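> This is target.txt, which holds compact mmCIF, C-alpha atoms and all ligand atoms:
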```txt
# COMPACT_ATOMS: atom_id res chain seq x y z
CA MET A 21 79.90 121.93 109.68
CA LYS A 22 76.96 119.86 110.97
CA ILE A 23 77.65 116.27 112.06
CA LEU A 24 74.98 113.64 112.71
CA LEU A 25 76.49 111.07 115.10
CA ILE A 26 74.48 107.86 115.10
CA GLY A 27 74.59 105.79 118.30
CA ALA A 28 75.98 108.69 120.33
CA ASN A 29 74.98 106.79 123.47
CA GLY A 30 77.25 103.76 122.82
CA TYR A 31 80.73 103.29 124.32
CA LEU A 32 82.62 104.75 121.34
CA GLY A 33 79.75 107.00 120.20
CA ALA A 34 79.50 108.79 123.54
CA ARG A 35 83.23 109.57 123.60
CA LEU A 36 83.14 110.76 119.99
CA PHE A 37 80.21 113.01 120.91
CA LEU A 38 82.07 114.43 123.94
CA ASP A 39 85.25 115.14 121.93
CA LEU A 40 83.79 116.31 118.62
CA ARG A 41 81.14 118.66 120.02
CA LYS A 42 84.06 120.84 121.23
CA LYS A 43 84.94 121.40 117.55
CA PHE A 44 81.74 121.00 115.49
CA GLU A 45 77.97 121.20 115.68
CA VAL A 46 77.07 117.59 116.57
CA ILE A 47 73.59 116.07 116.70
CA GLY A 48 73.57 112.72 118.52
CA THR A 49 71.10 109.88 118.14
CA TYR A 50 70.24 107.03 120.48
CA HIS A 51 68.27 103.85 119.98
CA LYS A 52 67.22 102.47 123.38
CA SER A 53 69.00 104.33 126.18
CA GLN A 54 69.02 108.13 126.07
CA LEU A 55 72.37 108.99 127.66
CA CYS A 56 71.88 112.72 127.04
CA ALA A 57 68.61 114.71 126.95
CA ASP A 58 69.63 116.35 123.63
CA PHE A 59 69.89 113.04 121.74
CA ILE A 60 67.18 112.18 119.22
CA GLN A 61 65.71 108.69 118.89
CA LEU A 62 66.56 106.77 115.72
CA ASP A 63 66.34 103.11 114.75
CA ILE A 64 68.71 102.76 111.79
CA THR A 65 67.19 99.43 110.74
CA ASP A 66 64.11 101.47 109.66
CA ALA A 67 64.97 103.03 106.28
CA HIS A 68 62.03 105.43 106.45
CA GLN A 69 63.10 106.82 109.86
CA VAL A 70 66.68 107.20 108.67
CA ARG A 71 65.62 109.19 105.63
CA GLU A 72 63.31 111.42 107.70
CA VAL A 73 66.04 112.27 110.21
CA PHE A 74 68.57 113.02 107.45
CA GLU A 75 66.07 115.24 105.64
CA GLN A 76 65.12 117.07 108.82
CA TYR A 77 68.67 117.72 110.07
CA GLN A 78 70.52 118.00 106.70
CA PRO A 79 73.95 116.93 108.05
CA ASP A 80 77.19 117.61 106.17
CA ILE A 81 78.76 114.50 107.70
CA VAL A 82 77.28 111.37 109.26
CA ILE A 83 79.39 109.29 111.67
CA HIS A 84 78.19 105.71 112.03
CA PRO A 85 79.51 103.58 114.94
CA ALA A 86 76.10 101.90 115.65
CA ASN A 87 76.84 98.21 115.11
CA HIS A 88 76.81 95.11 117.25
CA ALA A 89 80.45 95.27 118.38
CA SER A 90 81.05 91.50 118.40
CA PRO A 91 79.77 88.38 116.59
CA ARG A 92 78.04 87.01 119.74
CA PRO A 93 74.50 88.45 119.26
CA ALA A 94 74.33 86.83 115.78
CA ALA A 95 73.85 83.38 117.35
CA ASN A 96 70.42 84.24 118.85
CA ASP A 97 69.14 86.61 116.17
CA PRO A 98 70.94 86.23 112.81
CA GLN A 99 68.37 88.34 110.92
CA GLY A 100 68.39 91.17 113.45
CA TYR A 101 72.20 91.05 113.46
CA GLN A 102 72.36 91.42 109.68
CA ALA A 103 69.71 94.18 109.76
CA LEU A 104 71.92 96.31 112.04
CA ASN A 105 75.43 95.38 110.92
CA GLN A 106 74.76 95.41 107.18
CA GLN A 107 71.32 96.52 105.90
CA ALA A 108 71.28 99.64 108.12
CA THR A 109 74.51 100.77 106.43
CA ASN A 110 72.68 100.70 103.09
CA HIS A 111 69.87 102.83 104.57
CA ILE A 112 72.43 105.34 105.88
CA VAL A 113 74.30 105.56 102.56
CA ALA A 114 71.03 105.95 100.60
CA ALA A 115 69.83 108.73 102.94
CA ALA A 116 73.26 110.42 102.90
CA ASN A 117 73.11 110.46 99.10
CA THR A 118 69.71 112.18 99.14
CA VAL A 119 71.05 115.08 101.26
CA GLY A 120 74.65 115.13 99.93
CA ALA A 121 76.27 114.10 103.24
CA LYS A 122 79.64 112.38 103.63
CA VAL A 123 79.72 109.16 105.69
CA ILE A 124 82.36 108.16 108.25
CA PHE A 125 81.92 104.49 109.08
CA ILE A 126 83.49 102.85 112.12
CA SER A 127 84.63 99.45 110.88
CA SER A 128 87.17 97.18 112.60
CA PHE A 129 90.50 95.38 112.19
CA ALA A 130 88.19 92.35 111.82
CA ALA A 131 87.53 93.50 108.24
CA ILE A 132 91.20 92.87 107.28
CA THR A 133 90.84 89.06 107.31
CA PRO A 134 87.20 88.39 108.20
CA GLY A 135 86.93 85.11 110.09
CA ASP A 136 83.32 85.39 111.31
CA ILE A 137 79.98 87.09 110.62
CA TYR A 138 81.15 90.27 112.39
CA GLY A 139 84.15 90.71 110.08
CA GLN A 140 82.21 89.61 106.98
CA LEU A 141 79.45 92.21 107.54
CA LYS A 142 82.05 94.90 108.26
CA VAL A 143 83.54 94.15 104.80
CA GLN A 144 80.08 94.35 103.18
CA SER A 145 79.29 97.60 105.01
CA GLU A 146 82.64 99.06 103.91
CA GLU A 147 81.70 98.28 100.29
CA SER A 148 78.29 100.01 100.79
CA VAL A 149 79.91 103.06 102.37
CA LYS A 150 82.22 103.45 99.36
CA LYS A 151 79.07 104.24 97.35
CA THR A 152 78.56 107.52 99.27
CA THR A 153 78.56 110.16 96.55
CA ALA A 154 79.87 113.09 98.63
CA GLY A 155 82.78 111.06 100.08
CA TYR A 156 83.43 108.40 102.69
CA LEU A 157 85.93 107.59 105.40
CA ILE A 158 86.36 104.09 106.83
CA ILE A 159 87.98 103.98 110.26
CA ARG A 160 89.30 100.59 111.35
CA PRO A 161 90.06 100.47 115.09
CA SER A 162 91.40 97.44 116.93
CA LEU A 163 90.22 96.77 120.52
CA ILE A 164 89.37 100.23 121.91
CA LEU A 165 90.48 101.45 125.36
CA GLY A 166 89.86 104.71 127.20
CA LEU A 167 87.16 106.44 129.19
CA SER A 168 83.73 107.10 127.65
CA PRO A 169 80.70 108.83 129.16
CA ASN A 170 79.06 105.40 128.67
CA THR A 171 80.66 103.18 131.33
CA GLU A 172 77.68 100.78 131.40
CA ASN A 173 77.86 98.96 128.06
CA ASP A 174 79.68 95.65 128.36
CA ARG A 175 82.69 96.74 126.29
CA PRO A 176 86.34 95.71 126.89
CA PHE A 177 87.43 98.97 128.56
CA ASN A 178 84.36 99.08 130.79
CA ARG A 179 85.21 95.56 132.02
CA VAL A 180 88.63 96.86 133.10
CA LEU A 181 87.06 99.90 134.78
CA LYS A 182 84.63 97.63 136.65
CA CYS A 183 87.57 95.92 138.42
CA LEU A 184 88.63 99.32 139.75
CA ASP A 185 85.12 100.40 140.72
CA THR A 186 84.20 97.15 142.48
CA ASN A 187 87.73 96.44 143.75
CA THR A 188 87.65 92.93 142.27
CA VAL A 189 90.45 90.90 140.72
CA GLY A 190 89.32 90.31 137.13
CA GLU A 191 90.62 87.62 134.77
CA PHE A 192 91.93 88.77 131.41
CA ASP A 193 92.98 86.76 128.39
CA THR A 194 96.63 86.24 127.40
CA SER A 195 96.10 84.36 124.10
CA TRP A 196 94.89 87.03 121.63
CA GLN A 197 97.58 89.49 120.60
CA PHE A 198 96.54 92.86 119.17
CA GLN A 199 97.60 96.49 118.92
CA PRO A 200 95.18 98.48 121.11
CA THR A 201 93.37 101.60 119.93
CA TYR A 202 93.01 104.61 122.24
CA VAL A 203 89.45 106.00 122.13
CA GLY A 204 90.68 109.62 122.11
CA HIS A 205 92.91 108.77 119.15
CA VAL A 206 89.82 107.79 117.11
CA SER A 207 88.27 111.22 117.87
CA ALA A 208 91.53 113.00 117.01
CA VAL A 209 91.91 111.19 113.67
CA ILE A 210 88.30 111.99 112.70
CA ASP A 211 88.73 115.64 113.74
CA VAL A 212 91.90 116.11 111.66
CA ALA A 213 90.53 114.13 108.69
CA ILE A 214 87.44 116.40 108.59
CA LYS A 215 89.54 119.56 108.86
CA LYS A 216 91.90 118.35 106.10
CA ASN A 217 88.90 117.23 103.99
CA LEU A 218 90.55 113.82 103.83
CA PHE A 219 87.92 111.45 102.42
CA ASN A 220 87.68 108.29 100.31
CA GLN A 221 90.24 106.53 102.52
CA THR A 222 90.36 103.45 104.75
CA ILE A 223 92.38 104.27 107.85
CA HIS A 224 93.71 101.91 110.54
CA VAL A 225 93.74 103.66 113.93
CA THR A 226 95.89 101.85 116.47
CA SER A 227 99.00 102.12 118.61
CA PRO A 228 102.04 100.28 117.24
CA SER A 229 102.59 98.08 120.31
CA VAL A 230 101.46 94.42 120.49
CA GLN A 231 99.56 93.66 123.71
CA THR A 232 96.95 91.30 125.18
CA GLN A 233 93.78 91.96 127.17
CA TYR A 234 95.74 90.89 130.26
CA SER A 235 98.71 93.21 129.67
CA THR A 236 96.49 96.22 128.91
CA ALA A 237 94.26 95.63 131.96
CA LYS A 238 97.37 95.20 134.14
CA ASP A 239 98.98 98.40 132.80
CA ILE A 240 95.76 100.43 133.15
CA LEU A 241 95.02 99.28 136.70
CA ALA A 242 98.53 99.07 138.21
CA PRO A 243 98.77 102.77 139.29
CA PHE A 244 95.49 102.33 141.19
CA GLY A 245 96.80 99.32 143.13
CA VAL A 246 94.38 96.90 141.42
CA THR A 247 95.78 93.56 140.26
CA VAL A 248 94.41 91.26 137.54
CA LYS A 249 94.78 87.55 136.83
CA PRO A 250 96.05 86.10 133.52
CA VAL A 251 93.89 83.44 131.86
CA ASP A 252 94.51 81.68 128.55
CA LYS A 253 91.16 81.66 126.72
CA GLY A 254 92.72 79.95 123.70
CA LEU A 255 91.50 82.65 121.29
CA THR A 256 92.66 82.00 117.73
CA LEU A 257 92.15 85.50 116.34
CA PRO A 258 95.03 86.46 114.02
CA LEU A 259 97.50 89.20 114.99
CA GLN A 260 96.97 92.13 112.58
CA GLU A 261 100.01 94.40 112.76
CA CYS A 262 99.95 97.96 111.51
CA ASP A 263 102.70 100.56 111.89
CA GLU A 264 102.28 104.34 112.08
CA HIS A 265 103.37 104.82 108.47
CA GLU A 266 99.82 105.09 107.10
CA LEU A 267 98.71 107.72 109.64
CA LYS A 268 101.92 109.74 109.19
CA ALA A 269 101.66 109.62 105.38
CA LEU A 270 98.13 111.10 105.60
CA GLY A 271 99.23 113.77 108.12
CA LEU A 272 97.03 112.23 110.82
CA PRO A 273 97.89 112.04 114.55
CA THR A 274 99.62 108.94 115.96
CA CYS A 275 99.39 107.59 119.51
CA SER A 276 101.97 105.37 121.21
CA TYR A 277 100.98 102.75 123.78
CA GLN A 278 102.69 104.76 126.54
CA GLU A 279 100.83 107.92 125.49
CA MET A 280 97.56 105.96 125.56
CA LEU A 281 98.26 104.72 129.09
CA THR A 282 99.18 108.20 130.32
CA ARG A 283 95.96 109.64 128.88
CA ILE A 284 93.81 106.81 130.31
CA HIS A 285 95.35 107.24 133.78
CA GLU A 286 94.55 110.99 133.59
CA GLU A 287 91.01 110.24 132.41
CA ILE A 288 90.36 107.87 135.31
CA GLN A 289 91.65 110.49 137.76
CA ASN A 290 89.36 113.14 136.23
CA ARG A 291 86.23 111.11 135.58
CA SER A 292 83.80 113.96 136.07
CA ASP A 293 85.21 115.61 132.91
CA TYR A 294 83.98 112.62 130.88
CA GLN A 295 80.25 112.88 131.52
CA LEU A 296 77.60 114.24 129.18
N1 LIG W 301 84.72 98.69 121.48
C1 LIG W 301 85.70 98.15 120.76
O1 LIG W 301 86.71 97.67 121.30
C2 LIG W 301 85.61 98.16 119.24
C3 LIG W 301 86.71 97.70 118.52
C4 LIG W 301 86.69 97.76 117.12
C5 LIG W 301 85.58 98.26 116.47
N2 LIG W 301 84.52 98.69 117.19
C6 LIG W 301 83.34 99.21 116.47
O2 LIG W 301 82.99 100.47 117.03
C7 LIG W 301 81.57 100.64 116.94
C8 LIG W 301 81.03 101.00 118.32
O3 LIG W 301 81.30 99.95 119.23
P1 LIG W 301 81.00 100.11 120.77
O4 LIG W 301 81.99 99.30 121.48
O5 LIG W 301 80.85 101.56 121.09
O6 LIG W 301 79.59 99.38 120.88
P2 LIG W 301 78.31 99.71 121.79
O7 LIG W 301 78.69 100.41 123.03
O8 LIG W 301 77.56 98.43 121.90
O9 LIG W 301 77.47 100.74 120.89
C9 LIG W 301 76.63 100.30 119.85
C10 LIG W 301 75.65 101.42 119.54
O10 LIG W 301 74.75 100.99 118.51
C11 LIG W 301 73.45 101.48 118.84
N3 LIG W 301 72.38 100.73 118.20
C12 LIG W 301 72.07 99.41 118.37
N4 LIG W 301 70.99 99.11 117.61
C13 LIG W 301 70.62 100.23 116.98
C14 LIG W 301 69.58 100.56 116.08
N5 LIG W 301 68.69 99.63 115.66
N6 LIG W 301 69.50 101.84 115.62
C15 LIG W 301 70.38 102.78 116.03
N7 LIG W 301 71.39 102.54 116.87
C16 LIG W 301 71.51 101.28 117.34
C17 LIG W 301 73.40 101.31 120.35
O11 LIG W 301 72.32 102.06 120.89
P3 LIG W 301 71.35 101.37 122.00
O12 LIG W 301 72.27 100.89 123.09
O13 LIG W 301 70.46 102.46 122.43
O14 LIG W 301 70.63 100.23 121.32
C18 LIG W 301 74.78 101.86 120.72
O15 LIG W 301 74.76 103.26 120.75
C19 LIG W 301 81.01 99.34 116.36
O16 LIG W 301 80.84 99.52 114.97
C20 LIG W 301 82.11 98.33 116.62
O17 LIG W 301 82.09 97.30 115.66
C21 LIG W 301 84.48 98.66 118.57
```
As structure tokens - that is how I would like this structure written.


Amino acid sequence: MKILLIGANGYLGARLFLDLRKKFEVIGTYHKSQLCADFIQLDITDAHQVREVFEQYQPDIVIHPANHASPRPAANDPQGYQALNQQATNHIVAAANTVGAKVIFISSFAAITPGDIYGQLKVQSEESVKKTTAGYLIIRPSLILGLSPNTENDRPFNRVLKCLDTNTVGEFDTSWQFQPTYVGHVSAVIDVAIKKNLFNQTIHVTSPSVQTQYSTAKDILAPFGVTVKPVDKGLTLPLQECDEHELKALGLPTCSYQEMLTRIHEEIQNRSDYQL
């Protein structure tokens, strides 16, 4: 089973690469920063390049987490934003269909009730991905926490880690309520879904516990003696609740909030195991 993992240098991509290469042959791509010498360069907004890489490597499965992970960059470059978060998905699906590959697309809870450009383009990309002839899987995570080989990208978990590394008291929001997703749970769900040949599904991957950015940062950092400050940022994002029923019905692994915290504490204590 050959997997082409696009954006293997990103926060989520790098952890998926680390976990899945223990089970499958995984080829990783990067765009700007080459986190690992084995990664190949690919700009997915270039349809020609995408097709060439797919034809050269002939993957069985393509995993696609290479999106802008928030709506913010759309303000400065709306065209570039759409090129990555929507048109590139079409290039990937078209190239996958030429080589008969399945596509696993990392979407978001934001696609459930899209309130901004980020959620709207996730919905459009999900519709594109459903046109993959060999089969598709749409993974919808909520806010993702857990150690990745990429600790540099400005992602929510890396902001928590920075407080520990710089011994600073960070401020974290109390207004947005969500059910966090453990990064290792995303890898585990993809691993089992591939082994069970479970495709043509949209799967919500999350823990069943409602938290805030403040409560998660506090719980992650408390064992290390680092405190955080609560701040109400007045975020109006809706609470999207999801129980474990869907994962259990599909025979996929679940992950409680407590299990996520235990794993994250172990990861932080064994950081050298999470490098590429
Ligand atoms: N992190 C979360 O809490 C969270 C929650 C829900 C959903 N998600 C979804 O998970 C996915 C990954 O998010 P993340 O947090 O890991 O984001 P990230 O760290 O910013 O990773 C984004 C990746 O996209 C790549 N990329 C950007 N432009 C590209 C291009 N033109 N061609 C090829 N690759 C390109 C980046 O490579 P370069 O850096 O080299 O440009 C990077 O590897 C996204 O789809 C996001 O919407 C994330």

> Of the residues A:Gly155, A:Pro176, A:Gly135, A:Gly190, which is the one nearest to ligand LIG 301 (chain W), using only C-alpha atoms and all ligand atoms?

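That would be A:Pro176, the residue with the smallest distance to ligand LIG 301 (chain W).
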
> Per residue of chain A within 8 Å of ligand LIG 301 (chain W), which atom pair is closest and at what distance in Å (one decimal), using only C-alpha atoms and all ligand atoms, listed by chain and increasing number, as a Markdown table?


```
| residue | atom | partner | partner_atom | distance |
| --- | --- | --- | --- | --- |
| A:Ile26 | CA | W:LIG301 | N7 | 6.4 |
| A:Gly27 | CA | W:LIG301 | O15 | 3.5 |
| A:Ala28 | CA | W:LIG301 | O15 | 5.6 |
| A:Asn29 | CA | W:LIG301 | O15 | 4.5 |
| A:Gly30 | CA | W:LIG301 | O15 | 3.3 |
| A:Tyr31 | CA | W:LIG301 | O5 | 3.7 |
| A:Leu32 | CA | W:LIG301 | O5 | 3.7 |
| A:Gly33 | CA | W:LIG301 | O5 | 5.6 |
| A:Ala34 | CA | W:LIG301 | O5 | 7.8 |
| A:Thr49 | CA | W:LIG301 | C15 | 7.4 |
| A:Tyr50 | CA | W:LIG301 | O13 | 5.0 |
| A:His51 | CA | W:LIG301 | O13 | 3.6 |
| A:Lys52 | CA | W:LIG301 | O13 | 3.4 |
| A:Ser53 | CA | W:LIG301 | O13 | 4.4 |
| A:Gln54 | CA | W:LIG301 | O13 | 6.9 |
| A:Leu62 | CA | W:LIG301 | C15 | 5.5 |
| A:Asp63 | CA | W:LIG301 | N6 | 3.5 |
| A:Ile64 | CA | W:LIG301 | N6 | 4.0 |
| A:Thr65 | CA | W:LIG301 | N5 | 5.1 |
| A:Asp66 | CA | W:LIG301 | N5 | 7.8 |
| A:His84 | CA | W:LIG301 | O16 | 7.3 |
| A:Pro85 | CA | W:LIG301 | C7 | 4.1 |
| A:Ala86 | CA | W:LIG301 | O10 | 3.3 |
| A:Asn87 | CA | W:LIG301 | O16 | 4.2 |
| A:His88 | CA | W:LIG301 | O8 | 5.8 |
| A:Ala89 | CA | W:LIG301 | O17 | 3.8 |
| A:Ser90 | CA | W:LIG301 | O17 | 6.5 |
| A:Leu104 | CA | W:LIG301 | N5 | 5.9 |
| A:Asn105 | CA | W:LIG301 | O16 | 7.9 |
| A:Ala108 | CA | W:LIG301 | N5 | 8.0 |
| A:Phe125 | CA | W:LIG301 | O16 | 7.8 |
| A:Ile126 | CA | W:LIG301 | O16 | 5.1 |
| A:Ser127 | CA | W:LIG301 | O16 | 5.6 |
| A:Ser128 | CA | W:LIG301 | C5 | 4.3 |
| A:Phe129 | CA | W:LIG301 | C4 | 6.7 |
| A:Ala130 | CA | W:LIG301 | C4 | 7.7 |
| A:Tyr138 | CA | W:LIG301 | O17 | 7.8 |
| A:Lys142 | CA | W:LIG301 | O17 | 7.8 |
| A:Arg160 | CA | W:LIG301 | C5 | 6.7 |
| A:Pro161 | CA | W:LIG301 | C4 | 4.8 |
| A:Ser162 | CA | W:LIG301 | C4 | 4.7 |
| A:Leu163 | CA | W:LIG301 | O1 | 3.7 |
| A:Ile164 | CA | W:LIG301 | O1 | 3.7 |
| A:Leu165 | CA | W:LIG301 | O1 | 6.7 |
| A:Asn170 | CA | W:LIG301 | O7 | 7.5 |
| A:Asn173 | CA | W:LIG301 | O7 | 5.3 |
| A:Asp174 | CA | W:LIG301 | O7 | 7.2 |
| A:Arg175 | CA | W:LIG301 | O4 | 5.5 |
| A:Pro176 | CA | W:LIG301 | O1 | 5.9 |
| A:Phe177 | CA | W:LIG301 | O1 | 7.4 |
| A:Thr201 | CA | W:LIG301 | C3 | 7.8 |
```

> Selected residues, C-alpha atoms, written as a PDB file, in the frame of the given file, please.


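Just written: part22.pdb:
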```
ATOM      1  CA  ILE A  26      74.480 107.860 115.100  1.00  0.00           C
ATOM      2  CA  GLY A  27      74.590 105.790 118.300  1.00  0.00           C
ATOM      3  CA  ALA A  28      75.980 108.690 120.330  1.00  0.00           C
ATOM      4  CA  ASN A  29      74.980 106.790 123.470  1.00  0.00           C
ATOM      5  CA  GLY A  30      77.250 103.760 122.820  1.00  0.00           C
ATOM      6  CA  TYR A  31      80.730 103.290 124.320  1.00  0.00           C
ATOM      7  CA  LEU A  32      82.620 104.750 121.340  1.00  0.00           C
ATOM      8  CA  GLY A  33      79.750 107.000 120.200  1.00  0.00           C
ATOM      9  CA  ALA A  34      79.500 108.790 123.540  1.00  0.00           C
ATOM     10  CA  THR A  49      71.100 109.880 118.140  1.00  0.00           C
ATOM     11  CA  TYR A  50      70.240 107.030 120.480  1.00  0.00           C
ATOM     12  CA  HIS A  51      68.270 103.850 119.980  1.00  0.00           C
ATOM     13  CA  LYS A  52      67.220 102.470 123.380  1.00  0.00           C
ATOM     14  CA  SER A  53      69.000 104.330 126.180  1.00  0.00           C
ATOM     15  CA  GLN A  54      69.020 108.130 126.070  1.00  0.00           C
ATOM     16  CA  LEU A  62      66.560 106.770 115.720  1.00  0.00           C
ATOM     17  CA  ASP A  63      66.340 103.110 114.750  1.00  0.00           C
ATOM     18  CA  ILE A  64      68.710 102.760 111.790  1.00  0.00           C
ATOM     19  CA  THR A  65      67.190  99.430 110.740  1.00  0.00           C
ATOM     20  CA  ASP A  66      64.110 101.470 109.660  1.00  0.00           C
ATOM     21  CA  HIS A  84      78.190 105.710 112.030  1.00  0.00           C
ATOM     22  CA  PRO A  85      79.510 103.580 114.940  1.00  0.00           C
ATOM     23  CA  ALA A  86      76.100 101.900 115.650  1.00  0.00           C
ATOM     24  CA  ASN A  87      76.840  98.210 115.110  1.00  0.00           C
ATOM     25  CA  HIS A  88      76.810  95.110 117.250  1.00  0.00           C
ATOM     26  CA  ALA A  89      80.450  95.270 118.380  1.00  0.00           C
ATOM     27  CA  SER A  90      81.050  91.500 118.400  1.00  0.00           C
ATOM     28  CA  LEU A 104      71.920  96.310 112.040  1.00  0.00           C
ATOM     29  CA  ASN A 105      75.430  95.380 110.920  1.00  0.00           C
ATOM     30  CA  ALA A 108      71.280  99.640 108.120  1.00  0.00           C
ATOM     31  CA  PHE A 125      81.920 104.490 109.080  1.00  0.00           C
ATOM     32  CA  ILE A 126      83.490 102.850 112.120  1.00  0.00           C
ATOM     33  CA  SER A 127      84.630  99.450 110.880  1.00  0.00           C
ATOM     34  CA  SER A 128      87.170  97.180 112.600  1.00  0.00           C
ATOM     35  CA  PHE A 129      90.500  95.380 112.190  1.00  0.00           C
ATOM     36  CA  ALA A 130      88.190  92.350 111.820  1.00  0.00           C
ATOM     37  CA  TYR A 138      81.150  90.270 112.390  1.00  0.00           C
ATOM     38  CA  LYS A 142      82.050  94.900 108.260  1.00  0.00           C
ATOM     39  CA  ARG A 160      89.300 100.590 111.350  1.00  0.00           C
ATOM     40  CA  PRO A 161      90.060 100.470 115.090  1.00  0.00           C
ATOM     41  CA  SER A 162      91.400  97.440 116.930  1.00  0.00           C
ATOM     42  CA  LEU A 163      90.220  96.770 120.520  1.00  0.00           C
ATOM     43  CA  ILE A 164      89.370 100.230 121.910  1.00  0.00           C
ATOM     44  CA  LEU A 165      90.480 101.450 125.360  1.00  0.00           C
ATOM     45  CA  ASN A 170      79.060 105.400 128.670  1.00  0.00           C
ATOM     46  CA  ASN A 173      77.860  98.960 128.060  1.00  0.00           C
ATOM     47  CA  ASP A 174      79.680  95.650 128.360  1.00  0.00           C
ATOM     48  CA  ARG A 175      82.690  96.740 126.290  1.00  0.00           C
ATOM     49  CA  PRO A 176      86.340  95.710 126.890  1.00  0.00           C
ATOM     50  CA  PHE A 177      87.430  98.970 128.560  1.00  0.00           C
ATOM     51  CA  THR A 201      93.370 101.600 119.930  1.00  0.00           C
TER      52      THR A 201
END
```

> Using all atoms listed in the file, which residues sit within 10 Å of Trp196 of chain A once same-chain residues fewer than 4 positions away are excluded, as a list in words?

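Counting only the stated atoms, we get Val230, Gln231, Thr232, Gln233, Tyr234, Asp252, Lys253, Gly254, Leu255, Thr256, Leu257, Pro258 and Leu259 of chain A.
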
> Centre and edge lengths, as JSON, for the axis-aligned box enclosing every listed atom of segment 59-69 of chain A with 8 Å of padding on each of the six sides, in Å to one decimal?


```
{"center_x": 66.0, "center_y": 106.2, "center_z": 114.0, "size_x": 23.9, "size_y": 29.6, "size_z": 31.5}
```

> So what do you get for atom CA of Lys42 of chain A versus atom CA of Gln69 of chain A, distance-wise?

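It comes out at 27.7 Å.
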
> I'd like to know which of A:His68, A:Gln61, A:Asn187, A:Leu167 is closest to His285 of chain A, using all atoms listed in the file.

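The shortest atom-to-atom distance to His285 of chain A comes from A:Leu167.
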
> Nearest to Glu279 of chain A among A:Leu36, A:Ile240, A:Leu157, A:Ala114, with distances taken over only C-alpha atoms: which residue is it?

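Comparing A:Leu36, A:Ile240, A:Leu157, A:Ala114 against Glu279 of chain A, the winner is A:Ile240.
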
> Skipping near chain neighbours, those fewer than 3 positions away, what residues fall within 9 Å of Glu146 of chain A using all atoms listed in the file, listed as a PyMOL selection string?

chain A and resi 109+125+127+131+141-143+149-150+158+222

> Which residue, A:Val113, A:Ala121, A:Val225, A:Ile83, has the smallest gap to Ser276 of chain A when you use all atoms listed in the file?

A:Val225

> Report, in Å to a single decimal, how far apart atom CA of Leu38 of chain A and atom CA of Ala103 of chain A are.

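Here the two named atoms are 27.6 Å from each other.
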
> Tell me which of A:Pro243, A:Ser292, A:Thr118, A:Ile159 sits closest to Phe219 of chain A, counting all atoms listed in the file.

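Once distances to Phe219 of chain A are computed over all atoms listed in the file, the minimum belongs to A:Ile159.
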
> Point out the residue among A:Leu241, A:Lys268, A:Ile60, A:Ala67 with the least atom-to-atom distance to Lys182 of chain A, counting all atoms listed in the file.

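Closest to Lys182 of chain A, using all atoms listed in the file: A:Leu241.
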
> Within 12 Å of (100.9, 106.0, 106.6), in the coordinates the file gives, what residues turn up when you count all atoms listed in the file, written out as a list in words?

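Protein, DNA and RNA residues close to (100.9, 106.0, 106.6): Gln221, Thr222, Ile223, His224, Val225, Thr226, Cys262, Asp263, Glu264, His265, Glu266, Leu267, Lys268, Ala269, Leu270, Gly271, Leu272, Pro273 and Thr274 of chain A.
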
> Produce a file of the selected residues containing C-alpha atoms, as a compact mmCIF listing (two decimals), keeping the file's coordinate frame.


```
# COMPACT_ATOMS: atom_id res chain seq x y z
CA GLN A 221 90.24 106.53 102.52
CA THR A 222 90.36 103.45 104.75
CA ILE A 223 92.38 104.27 107.85
CA HIS A 224 93.71 101.91 110.54
CA VAL A 225 93.74 103.66 113.93
CA THR A 226 95.89 101.85 116.47
CA CYS A 262 99.95 97.96 111.51
CA ASP A 263 102.70 100.56 111.89
CA GLU A 264 102.28 104.34 112.08
CA HIS A 265 103.37 104.82 108.47
CA GLU A 266 99.82 105.09 107.10
CA LEU A 267 98.71 107.72 109.64
CA LYS A 268 101.92 109.74 109.19
CA ALA A 269 101.66 109.62 105.38
CA LEU A 270 98.13 111.10 105.60
CA GLY A 271 99.23 113.77 108.12
CA LEU A 272 97.03 112.23 110.82
CA PRO A 273 97.89 112.04 114.55
CA THR A 274 99.62 108.94 115.96
```

> Would you work out the distance separating atom CA of His205 of chain A from atom CA of Thr282 of chain A, expressed in Å to one decimal?

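We find that atom CA of His205 of chain A and atom CA of Thr282 of chain A lie 12.8 Å from each other.
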